[in-house]
Each structure stands twice: as structure tokens, then as C-alpha cells.
Amino acid sequence: MEKLSRFLFILMAIVGSSACTTVQQTTVDLTATSIQSIPTSITAETHSCKPTLDDGVSPSYISNAPERTVVGRGHVVTGVVLSSVDCKPIPNAKLEFWPEEEGFGHPDSSRATFFTDQEGRYRFECNLPDHIHMRISVPGYRTIGVNSYHPEGQAEGTFDIVLEPEK
């Protein structure tokens, strides 16, 4: 039993490092037999979502950016906005993005506001940025500012966002 506990602890430490993980809970039959115990049943999956770090909204933020999902060509970022409570997608989350373009800063022509679909997914296309500032808000959840998406020259990227309920 001690080895199983250590294995599950190590497994959770490894798997638990991503934003949203699925953890299997296993029930072990510990009846005394001449054969080692083996798992006899598996219970329902439980989910654990680690909230996205709130970097704070950048001083370069300007509200009321136009509603659009394409502001240039060269980079596409996709992702899903999830709840930290149950790891379920959050539909209609408001995303405000303003990319930092090398040599141009944060041009108004690259600022955008858009919303997640019914499965919490989003897609944004822009000129290849150094990084993208983000502000994510939805009623009932804490609004966060994020500046940790850096595509490092890649044409495509994925950035999932996990929000915490308001307290």
C-alpha cells in the first residue's frame, strides 16, 4: 500500500504540473491472499485545474478594442478558457488581446476583443508577435491579465486559460 501511495503521489506531481489534468482514483482490494493485491475497481475521474497566473493587466491596456479575431497574418493562437472548479469550458468569456510587435510596440490596429464559443474555445490571428498581452473576463470569475504567452517565432501556438470564481 505504501508503494502505491508513493506511486500515486509521484504521478500526481508529474501530471499536476499542467494547467488542467485528469486524475484517476483507484480502489485497491487489500484482502489477504497468497497473490499480491491488484486494483479491483476504478472510480469516476476527478478533475483538477490550476488557475492561470494573473500577471496583472499591462499599463499598455486600452479598453474598447474592436471586436475581431484577425488583425494580421503570420501567427495563430488557439486555446480554451476553463473553470478552476471543475475544469469545464467557459462559454462567452471575453478576451482582449494586444500583441507586441517588434519595432511597433502595441499598435491600435492589432488590438482585438472577442469571445469564446460554447465549448470555451478561441482563435486569434495576428502578425508574428514577440508576445501577446491578454485580459480575460467573464461574469462570476476573477478578471485576469496575462503576459506569459511568448510564441518564440512559431506560426502557431496554444494557450489555455483557467479562471477562478469570484470570492
# chains A, B, ... in the order shown; residues from 1 in each chain; ligands from 1
call {"tool": "residues_around", "arguments": {"residues": "range 93-105 of chain A", "least_positions_apart": "5", "cutoff": "6 Å", "atoms": "only C-alpha atoms", "output": "ChimeraX atom specification"}}
result
/A:111-116,129-138
call {"tool": "closest_atom_pairs", "arguments": {"of": "range 53-84 of chain A", "to": "range 142-154 of chain A", "cutoff": "8 Å", "atoms": "only C-alpha atoms", "output": "CSV"}}
result
residue,atom,partner,partner_atom,distance
A:Leu53,CA,A:Val146,CA,7.2
A:Asp54,CA,A:Ile144,CA,5.1
A:Asp55,CA,A:Val146,CA,5.1
A:Gly56,CA,A:Gly145,CA,4.5
A:Val57,CA,A:Gly145,CA,4.2
A:Ser58,CA,A:Gly145,CA,7.2
A:His75,CA,A:Gln154,CA,7.1
call {"tool": "write_last_selection", "arguments": {"atoms": "all heavy atoms", "output": "PDB file, in the first residue's frame"}}
result
ATOM      1  N   LEU A  53      -1.857  32.062 -13.957  1.00  0.00           N
ATOM      2  CA  LEU A  53      -1.245  33.135 -13.171  1.00  0.00           C
ATOM      3  C   LEU A  53      -1.731  34.491 -13.660  1.00  0.00           C
ATOM      4  O   LEU A  53      -1.685  34.780 -14.860  1.00  0.00           O
ATOM      5  CB  LEU A  53       0.284  33.057 -13.286  1.00  0.00           C
ATOM      6  CG  LEU A  53       1.058  34.180 -12.591  1.00  0.00           C
ATOM      7  CD1 LEU A  53       0.877  34.099 -11.082  1.00  0.00           C
ATOM      8  CD2 LEU A  53       2.528  34.099 -12.954  1.00  0.00           C
ATOM      9  N   ASP A  54      -2.217  35.311 -12.741  1.00  0.00           N
ATOM     10  CA  ASP A  54      -2.641  36.676 -13.057  1.00  0.00           C
ATOM     11  C   ASP A  54      -1.419  37.581 -12.958  1.00  0.00           C
ATOM     12  O   ASP A  54      -0.952  37.889 -11.871  1.00  0.00           O
ATOM     13  CB  ASP A  54      -3.729  37.113 -12.081  1.00  0.00           C
ATOM     14  CG  ASP A  54      -4.248  38.514 -12.345  1.00  0.00           C
ATOM     15  OD1 ASP A  54      -3.806  39.160 -13.314  1.00  0.00           O
ATOM     16  OD2 ASP A  54      -5.114  38.968 -11.566  1.00  0.00           O
ATOM     17  N   ASP A  55      -0.883  37.974 -14.127  1.00  0.00           N
ATOM     18  CA  ASP A  55       0.278  38.875 -14.165  1.00  0.00           C
ATOM     19  C   ASP A  55      -0.120  40.317 -13.896  1.00  0.00           C
ATOM     20  O   ASP A  55       0.737  41.179 -13.758  1.00  0.00           O
ATOM     21  CB  ASP A  55       0.938  38.847 -15.558  1.00  0.00           C
ATOM     22  CG  ASP A  55       1.522  37.504 -15.917  1.00  0.00           C
ATOM     23  OD1 ASP A  55       2.021  36.808 -15.026  1.00  0.00           O
ATOM     24  OD2 ASP A  55       1.474  37.156 -17.113  1.00  0.00           O
ATOM     25  N   GLY A  56      -1.422  40.589 -13.898  1.00  0.00           N
ATOM     26  CA  GLY A  56      -1.902  41.967 -13.813  1.00  0.00           C
ATOM     27  C   GLY A  56      -2.030  42.524 -15.220  1.00  0.00           C
ATOM     28  O   GLY A  56      -1.298  42.133 -16.125  1.00  0.00           O
ATOM     29  N   VAL A  57      -2.966  43.416 -15.406  1.00  0.00           N
ATOM     30  CA  VAL A  57      -3.174  43.999 -16.722  1.00  0.00           C
ATOM     31  C   VAL A  57      -2.074  45.015 -16.991  1.00  0.00           C
ATOM     32  O   VAL A  57      -1.777  45.870 -16.162  1.00  0.00           O
ATOM     33  CB  VAL A  57      -4.572  44.648 -16.821  1.00  0.00           C
ATOM     34  CG1 VAL A  57      -4.762  45.340 -18.156  1.00  0.00           C
ATOM     35  CG2 VAL A  57      -5.655  43.594 -16.614  1.00  0.00           C
ATOM     36  N   SER A  58      -1.466  44.925 -18.160  1.00  0.00           N
ATOM     37  CA  SER A  58      -0.363  45.797 -18.561  1.00  0.00           C
ATOM     38  C   SER A  58      -0.812  47.257 -18.630  1.00  0.00           C
ATOM     39  O   SER A  58      -1.952  47.545 -19.003  1.00  0.00           O
ATOM     40  CB  SER A  58       0.142  45.356 -19.938  1.00  0.00           C
ATOM     41  OG  SER A  58       0.986  46.328 -20.494  1.00  0.00           O
ATOM     42  N   HIS A  75       0.765  34.496 -37.409  1.00  0.00           N
ATOM     43  CA  HIS A  75       0.696  33.735 -36.159  1.00  0.00           C
ATOM     44  C   HIS A  75      -0.768  33.500 -35.776  1.00  0.00           C
ATOM     45  O   HIS A  75      -1.586  34.419 -35.826  1.00  0.00           O
ATOM     46  CB  HIS A  75       1.403  34.455 -35.011  1.00  0.00           C
ATOM     47  CG  HIS A  75       1.395  33.643 -33.752  1.00  0.00           C
ATOM     48  ND1 HIS A  75       2.175  32.518 -33.592  1.00  0.00           N
ATOM     49  CD2 HIS A  75       0.660  33.753 -32.623  1.00  0.00           C
ATOM     50  CE1 HIS A  75       1.935  31.990 -32.404  1.00  0.00           C
ATOM     51  NE2 HIS A  75       1.022  32.722 -31.797  1.00  0.00           N
TER      52      HIS A  75
END
call {"tool": "atom_distance", "arguments": {"atom1": "CA of Glu119 in chain A", "atom2": "CA of Leu82 in chain A"}}
result
9.4 Å
call {"tool": "atom_distance", "arguments": {"atom1": "CA of Asn64 in chain A", "atom2": "CA of Lys167 in chain A"}}
result
26.2 Å
call {"tool": "atom_distance", "arguments": {"atom1": "CA of Ala155 in chain A", "atom2": "CA of Asp117 in chain A"}}
result
22.6 Å
call {"tool": "closest_residue", "arguments": {"among": "A:Val85, A:Ile62, A:Val77, A:Ile90", "to": "His106 in chain A", "atoms": "only C-alpha atoms"}}
result
A:Ile62
call {"tool": "closest_residue", "arguments": {"among": "A:Ser109, A:Cys49, A:Glu125, A:Ser60", "to": "Gly157 in chain A", "atoms": "only C-alpha atoms"}}
result
A:Glu125
call {"tool": "residues_around", "arguments": {"residues": "Asn127 in chain A", "least_positions_apart": "3", "cutoff": "7 Å", "atoms": "only C-alpha atoms", "output": "ChimeraX atom specification"}}
result
/A:72-75
call {"tool": "write_last_selection", "arguments": {"atoms": "C-alpha atoms", "output": "PDB file, in the first residue's frame"}}
result
ATOM      1  CA  GLY A  72      -2.716  40.353 -39.214  1.00  0.00           C
ATOM      2  CA  ARG A  73      -1.037  37.282 -40.689  1.00  0.00           C
ATOM      3  CA  GLY A  74       1.798  35.053 -39.555  1.00  0.00           C
ATOM      4  CA  HIS A  75       0.696  33.735 -36.159  1.00  0.00           C
TER       5      HIS A  75
END
call {"tool": "select_by_dssp", "arguments": {"residues": "range 91-142 of chain A", "states": "strand (DSSP E or B)", "output": "VMD selection string"}}
result
chain A and resid 94 to 101 105 112 to 115 121 to 127 131 to 137 141
